[in-house]
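Some notes on the structure that comes next.
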2 protein chains.
Amino acid sequence: MELYEVIMAGGSGTRFWPLSRINRPKQFINVSGNDILLNETIKRMDGIIKRENVFVVTGERYRDLIEKEIVNGIPFSNILTEPAGRNTAPCILYAASVLQKDKGDGIMCVFAADHHIKNVEEYRRIIQAAAAQAEKENCIMTIGIKPTYPSTGYGYIKSKESITNEIYSVEQFVEKPNLDRAKEYLSDGGYSWNSGVFVFKVSVILDAFKKYLPKMCEQMNKIIDARGYDNESSVLHDIYPNLESISLDYGIMEHADKVQVIAGDYGWSDVGSLNELGTFHSADNNNNILIGEDIVTFDSKNCIVKSDRGLVALVGIEDVIVVESDETVLICQKDRAQDVKSIVEKLKAEGMSEYL
Amino acid sequence: MELYEVIMAGGSGTRFWPLSRINRPKQFINVSGNDILLNETIKRMDGIIKRENVFVVTGERYRDLIEKEIVNGIPFSNILTEPAGRNTAPCILYAASVLQKDKGDGIMCVFAADHHIKNVEEYRRIIQAAAAQAEKENCIMTIGIKPTYPSTGYGYIKSKESITNEIYSVEQFVEKPNLDRAKEYLSDGGYSWNSGVFVFKVSVILDAFKKYLPKMCEQMNKIIDARGYDNESSVLHDIYPNLESISLDYGIMEHADKVQVIAGDYGWSDVGSLNELGTFHSADNNNNILIGEDIVTFDSKNCIVKSDRGLVALVGIEDVIVVESDETVLICQKDRAQDVKSIVEKLKAEGMSEYL
């Protein structure tokens, strides 16, 4: 069966500010030094999924940027724009409905646009194994991540019965736990992180939507009926913002039959804070990770410094992240990287929108 | 007797980097928000010393900058350029010799170009008292500063006998002490900081130079003989770089008779490190001193941030100095401000001269 890729690229996460900005969120940032995260997501599946089968769902404000920066070979008609972000369920229903109309049935693999994978070969193997299972069993496959520490930042997937040597039926999707609970999950061994990657037949997921979110399906049908006609845009703008804002996990996964999980161990990262910058570059003798041409340190250690231009100099600084980018310097204690969003909130509140 | 001002403006101190640069050392920086330190030095004596009586001694590389930025009323012929810096004794001899030739005798007040004074009225009173004493007694007056803490960063002047209620004869000039010694000096009460400000008759200091640095006087006479002639510049360049490099303290003060000290208490600062930035501005509720338009902090305290342009944002940062200036960001632990010069050394060593 033909494989399709659906990339959710509508996010406007603030935890990666000031590298990410309103007009250039994280999926459009070159974090690794190779390419922007969106393109790395696409390239990662080259040879397995044809580029003409890659669909990108994003916000209207990012359409021009995507057309400008996306790798070659993706038809611009495969870029679906949401007039308003309504969480993942409408996004995936939109893509699945378009796929059904334009291509017929097939296997769709749903990825986030702004994650990073270290071991791409293992990742490709896992996705292919999930696709084969989804085709054979008509099941909804979720890709879990084998936990490496008791994270309180991710949801978990609890496995039930073994189906193959690495595929399990899913007992439950679990919210982000507290630390004690997270430690239990880790030692239990039957839990994996929910990385938001799904693989299923177009027909299977559409059946699930019909069953669990029938109203959303009715609304979406009107959008799809108008696809290719003069009123396409006006119908989309009328209806899409009124779709229920709900995640695929809540709307479908927690109710659906035949949800299965395959857990990968391929160096996954959701690039969730500026600390992650450190994982893409090697450290110097003082355990400083210096990304950029002109960075000079004196008696400083355990820092991450990224400078796009000009000079950054540190004297006697420890455990600090410094990001110089586009008229902005952020200086953040390493263990406070999650609070970067508070600066973004402040900038909004104080009307300093030029820096957002 | 006519009062003259001689401002030594040849310094290229590195402790104020990145605000100070090779092409714009500290005396040309507007630290207070009012005017550059050189001009504040001149304005401070307005009404006591005529601007046409103000002489500035500086390096050749700063002549254009001075002509461009100096306050009105200073004849450009009063700007004396040293082909090479040779410490303070040659600098003061040069100025005194020019004064004698151009103006005849008078009282010359020697100031550094890059200090700051909080209580200008008291400063003016002290300088006038010193000038009166120098005129009356034909003595060499040094201006001391009443110590406010046991500083190890300044030389000290030890007083001997009381001459008036605030003027003393000098027993000894003392090198920068260690902390124990500095504490003794402070509790003794008979010591003041040597701030490098001197007041004396032109004729008196020239007599002292003839006695203690006769060779330097002979060389200087050749420079002065050529002053106003076609060969002025070539003679200056031939001779000046070969003058002995020695401070006025070592070369004259420690040997001369009739050296007296008057100690002022007028909020003196040599603006010796970036920490001094804090003294010119008031702090916010978190004891952060924020100098510049666009600075945003979150959960940060006791910091000094100066930003010339763009945004500086702090998250979870304490006791740090941040200076953003002209393509450069310095991030320095407050108690390490003296080590900023090490960054300057590194930049030199690594050939990154564009940032010096």
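For the structure tokens, the naming scheme is as follows: chains receive sequential letters (A, B, ...) according to their order of presentation, residues are indexed from 1 within each chain, and ligands are indexed from 1 in presentation order.
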
(request) Write down as JSON, numbers by chain the residues belonging to stretch 84-328 of chain A that are assigned strand (DSSP E) by DSSP computed on the backbone. (result) {"A": [107, 108, 109, 110, 111, 112, 116, 117, 140, 141, 142, 143, 144, 145, 156, 157, 158, 159, 160, 161, 162, 167, 168, 169, 170, 171, 172, 173, 174, 191, 192, 193, 194, 195, 196, 197, 198, 199, 200, 201, 259, 260, 261, 262, 263, 264, 268, 269, 289, 290, 291, 295, 296, 297, 298, 304, 305, 306, 307, 311, 312, 313, 314, 315, 320, 321, 322, 323, 324, 325, 328]}

Now that the selection is made, can you save its residues with C-alpha atoms as a PDB file, in the first residue's frame?
ATOM      1  CA  ILE A 107      -0.886   4.297   4.989  1.00  0.00           C
ATOM      2  CA  MET A 108      -0.422   7.690   6.565  1.00  0.00           C
ATOM      3  CA  CYS A 109       2.471   8.408   8.914  1.00  0.00           C
ATOM      4  CA  VAL A 110       1.914  11.445  11.113  1.00  0.00           C
ATOM      5  CA  PHE A 111       4.990  13.307  12.350  1.00  0.00           C
ATOM      6  CA  ALA A 112       5.669  16.519  14.215  1.00  0.00           C
ATOM      7  CA  HIS A 116      15.063  15.554  16.098  1.00  0.00           C
ATOM      8  CA  ILE A 117      16.216  11.961  15.664  1.00  0.00           C
ATOM      9  CA  ILE A 140      -3.856   2.399  14.822  1.00  0.00           C
ATOM     10  CA  MET A 141      -0.142   2.391  15.492  1.00  0.00           C
ATOM     11  CA  THR A 142       1.462   4.828  17.883  1.00  0.00           C
ATOM     12  CA  ILE A 143       5.178   5.192  18.112  1.00  0.00           C
ATOM     13  CA  GLY A 144       6.420   5.283  21.684  1.00  0.00           C
ATOM     14  CA  ILE A 145       9.887   6.168  22.884  1.00  0.00           C
ATOM     15  CA  TYR A 156       3.143   7.954  28.566  1.00  0.00           C
ATOM     16  CA  ILE A 157       1.648   4.999  26.740  1.00  0.00           C
ATOM     17  CA  LYS A 158       0.985   1.913  28.849  1.00  0.00           C
ATOM     18  CA  SER A 159       1.405  -1.375  26.983  1.00  0.00           C
ATOM     19  CA  LYS A 160      -0.872  -4.371  27.515  1.00  0.00           C
ATOM     20  CA  GLU A 161      -0.257  -7.576  25.592  1.00  0.00           C
ATOM     21  CA  SER A 162       2.616  -8.438  23.347  1.00  0.00           C
ATOM     22  CA  ILE A 167       4.541  -4.425  19.140  1.00  0.00           C
ATOM     23  CA  TYR A 168       2.046  -4.286  21.993  1.00  0.00           C
ATOM     24  CA  SER A 169      -1.587  -3.487  22.357  1.00  0.00           C
ATOM     25  CA  VAL A 170      -2.175  -0.249  24.242  1.00  0.00           C
ATOM     26  CA  GLU A 171      -3.864  -0.354  27.619  1.00  0.00           C
ATOM     27  CA  GLN A 172      -3.951   3.359  28.289  1.00  0.00           C
ATOM     28  CA  PHE A 173      -2.683   6.803  27.399  1.00  0.00           C
ATOM     29  CA  VAL A 174      -1.379   8.479  30.555  1.00  0.00           C
ATOM     30  CA  TYR A 191       5.476   2.406  29.618  1.00  0.00           C
ATOM     31  CA  SER A 192       6.841   4.421  26.761  1.00  0.00           C
ATOM     32  CA  TRP A 193       6.819   8.156  26.047  1.00  0.00           C
ATOM     33  CA  ASN A 194       4.113   9.373  23.732  1.00  0.00           C
ATOM     34  CA  SER A 195       6.075  11.125  21.001  1.00  0.00           C
ATOM     35  CA  GLY A 196       3.020  12.078  18.941  1.00  0.00           C
ATOM     36  CA  VAL A 197       3.933   9.935  15.971  1.00  0.00           C
ATOM     37  CA  PHE A 198       1.129   7.786  14.523  1.00  0.00           C
ATOM     38  CA  VAL A 199       0.799   5.387  11.628  1.00  0.00           C
ATOM     39  CA  PHE A 200      -2.523   4.114  10.263  1.00  0.00           C
ATOM     40  CA  LYS A 201      -4.535   3.504   7.129  1.00  0.00           C
ATOM     41  CA  VAL A 259      -4.518   0.759  19.178  1.00  0.00           C
ATOM     42  CA  GLN A 260      -1.040  -0.671  19.244  1.00  0.00           C
ATOM     43  CA  VAL A 261       2.338   0.710  20.222  1.00  0.00           C
ATOM     44  CA  ILE A 262       5.833   0.109  19.007  1.00  0.00           C
ATOM     45  CA  ALA A 263       8.532   1.692  21.136  1.00  0.00           C
ATOM     46  CA  GLY A 264      11.614   3.050  19.454  1.00  0.00           C
ATOM     47  CA  TRP A 268      14.493  11.081  19.945  1.00  0.00           C
ATOM     48  CA  SER A 269      14.261  14.696  21.076  1.00  0.00           C
ATOM     49  CA  ILE A 289      29.283  24.247  23.972  1.00  0.00           C
ATOM     50  CA  LEU A 290      30.087  27.166  21.710  1.00  0.00           C
ATOM     51  CA  ILE A 291      28.007  27.492  18.547  1.00  0.00           C
ATOM     52  CA  ILE A 295      32.757  33.372  21.154  1.00  0.00           C
ATOM     53  CA  VAL A 296      35.465  33.900  23.763  1.00  0.00           C
ATOM     54  CA  THR A 297      35.352  32.548  27.305  1.00  0.00           C
ATOM     55  CA  PHE A 298      37.492  33.125  30.381  1.00  0.00           C
ATOM     56  CA  ILE A 304      25.888  26.774  26.015  1.00  0.00           C
ATOM     57  CA  VAL A 305      26.495  29.795  23.814  1.00  0.00           C
ATOM     58  CA  LYS A 306      25.031  30.346  20.368  1.00  0.00           C
ATOM     59  CA  SER A 307      25.872  33.519  18.510  1.00  0.00           C
ATOM     60  CA  LEU A 311      31.088  38.589  19.595  1.00  0.00           C
ATOM     61  CA  VAL A 312      29.915  36.956  22.796  1.00  0.00           C
ATOM     62  CA  ALA A 313      32.409  36.984  25.677  1.00  0.00           C
ATOM     63  CA  LEU A 314      31.998  35.237  29.039  1.00  0.00           C
ATOM     64  CA  VAL A 315      33.965  35.948  32.214  1.00  0.00           C
ATOM     65  CA  VAL A 320      24.251  29.518  31.666  1.00  0.00           C
ATOM     66  CA  ILE A 321      22.706  29.467  28.203  1.00  0.00           C
ATOM     67  CA  VAL A 322      23.386  32.484  26.000  1.00  0.00           C
ATOM     68  CA  VAL A 323      21.612  32.898  22.684  1.00  0.00           C
ATOM     69  CA  GLU A 324      22.373  35.873  20.475  1.00  0.00           C
ATOM     70  CA  SER A 325      20.016  36.020  17.536  1.00  0.00           C
ATOM     71  CA  THR A 328      18.196  39.804  20.818  1.00  0.00           C
TER      72      THR A 328
END

(request) Find the residues around stretch 29-39 of chain B up to 6 Å (only C-alpha atoms counted), leave out those fewer than 3 positions away in its own chain, and share them as a list in words. (result)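 My list of contacting residues is Lys26, Ile42, Ala113, Asp114 and Phe280 of chain B.
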
(message) Need to verify the contact set: B:Lys301, 8 Å, only C-alpha atoms, exclusion of same-chain residues closer than 5 positions in sequence. Can you return it as a ChimeraX atom specification?
(response) /B:286-288,317-319

(request) Fewer than 2 positions away in the same chain doesn't count, so skip those; otherwise give me all residues within 9 Å of B:Ala89, counting only C-alpha atoms, as JSON, numbers by chain. (result) {"B": [86, 87, 91, 92, 93, 94, 209, 244, 245, 246, 247, 248, 249, 250, 251, 252]}

Give me, as a compact mmCIF listing (two decimals) with N, CA and C atoms, in the first residue's frame, all polymer residues having an atom no more than 6 Å from A:Ser273, counting only C-alpha atoms and skipping those fewer than 2 positions away in the same chain.
# COMPACT_ATOMS: atom_id res chain seq x y z
N ARG A 15 9.28 28.04 23.74
CA ARG A 15 10.37 27.66 24.62
C ARG A 15 11.73 27.72 23.93
N PHE A 16 11.70 27.89 22.60
CA PHE A 16 12.96 27.96 21.87
C PHE A 16 13.31 29.40 21.48
N VAL A 271 13.23 18.64 21.06
CA VAL A 271 13.91 19.94 20.99
C VAL A 271 13.09 20.94 21.82
N ASN A 275 18.24 24.05 26.17
CA ASN A 275 19.25 23.09 26.61
C ASN A 275 19.58 22.08 25.51
N GLU A 276 18.58 21.80 24.66
CA GLU A 276 18.78 20.80 23.61
C GLU A 276 19.84 21.22 22.60

(request) Take atom CA of B:Pro177 and atom CA of B:Met253 and report the distance between them in Å, one decimal. (result)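 Going from atom CA of B:Pro177 over to atom CA of B:Met253, I get 18.5 Å.
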
(request) Could you tell me, as an NGL selection string, which residues of stretch 53-249 of chain A DSSP assigns to helix (DSSP H, G or I) when given the backbone? (result) :A and (53 or 60-69 or 76-78 or 88-103 or 120-137 or 179-188 or 202-212 or 214-226 or 232-242 or 248-249)

(request) Compile the contact shell of B:Gly106 as an MDAnalysis selection string: residues with an atom at most 9 Å away, counting only C-alpha atoms, same-chain residues fewer than 3 positions apart removed. (result) chainID B and resid 1:4 99:100 103 135 200:203

How would the residues just picked look written out with N, CA and C atoms as a PDB file, in the first residue's frame?
ATOM      1  N   MET B   1      47.233  84.331  40.282  1.00  0.00           N
ATOM      2  CA  MET B   1      47.972  83.699  39.183  1.00  0.00           C
ATOM      3  C   MET B   1      46.995  82.927  38.294  1.00  0.00           C
ATOM      4  N   GLU B   2      47.266  82.903  37.007  1.00  0.00           N
ATOM      5  CA  GLU B   2      46.356  82.229  36.073  1.00  0.00           C
ATOM      6  C   GLU B   2      46.337  80.719  36.346  1.00  0.00           C
ATOM      7  N   LEU B   3      45.134  80.121  36.248  1.00  0.00           N
ATOM      8  CA  LEU B   3      44.999  78.673  36.453  1.00  0.00           C
ATOM      9  C   LEU B   3      44.933  77.959  35.098  1.00  0.00           C
ATOM     10  N   TYR B   4      45.659  76.880  34.998  1.00  0.00           N
ATOM     11  CA  TYR B   4      45.633  76.055  33.798  1.00  0.00           C
ATOM     12  C   TYR B   4      45.228  74.626  34.165  1.00  0.00           C
ATOM     13  N   LEU B  99      53.311  75.058  28.406  1.00  0.00           N
ATOM     14  CA  LEU B  99      52.685  76.155  29.151  1.00  0.00           C
ATOM     15  C   LEU B  99      53.690  77.280  29.387  1.00  0.00           C
ATOM     16  N   GLN B 100      54.882  76.912  29.840  1.00  0.00           N
ATOM     17  CA  GLN B 100      55.895  77.940  30.124  1.00  0.00           C
ATOM     18  C   GLN B 100      56.206  78.746  28.859  1.00  0.00           C
ATOM     19  N   LYS B 103      52.539  80.449  27.638  1.00  0.00           N
ATOM     20  CA  LYS B 103      51.757  81.265  28.560  1.00  0.00           C
ATOM     21  C   LYS B 103      52.590  81.904  29.664  1.00  0.00           C
ATOM     22  N   GLU B 135      50.202  78.233  45.057  1.00  0.00           N
ATOM     23  CA  GLU B 135      50.658  79.577  44.694  1.00  0.00           C
ATOM     24  C   GLU B 135      51.390  80.230  45.865  1.00  0.00           C
ATOM     25  N   PHE B 200      50.289  72.465  40.912  1.00  0.00           N
ATOM     26  CA  PHE B 200      51.570  73.127  41.208  1.00  0.00           C
ATOM     27  C   PHE B 200      51.790  74.252  40.216  1.00  0.00           C
ATOM     28  N   LYS B 201      52.739  75.153  40.595  1.00  0.00           N
ATOM     29  CA  LYS B 201      53.163  76.171  39.640  1.00  0.00           C
ATOM     30  C   LYS B 201      53.947  75.499  38.516  1.00  0.00           C
ATOM     31  N   VAL B 202      53.792  76.015  37.325  1.00  0.00           N
ATOM     32  CA  VAL B 202      54.587  75.530  36.191  1.00  0.00           C
ATOM     33  C   VAL B 202      56.066  75.630  36.531  1.00  0.00           C
ATOM     34  N   SER B 203      56.472  76.752  37.077  1.00  0.00           N
ATOM     35  CA  SER B 203      57.893  76.967  37.390  1.00  0.00           C
ATOM     36  C   SER B 203      58.380  75.989  38.460  1.00  0.00           C
TER      37      SER B 203
END

(request) Enter the distance from atom CA of B:Glu69 to atom CA of B:Val98, in Å, rounded to one decimal. (result)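 Separation of atom CA of B:Glu69 and atom CA of B:Val98: 23.1 Å.
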
(request) Find the residue from A:Phe28, A:Arg336, A:Pro90, A:Lys341 that sits nearest to A:Lys68; use only C-alpha atoms when measuring. (result) A:Phe28
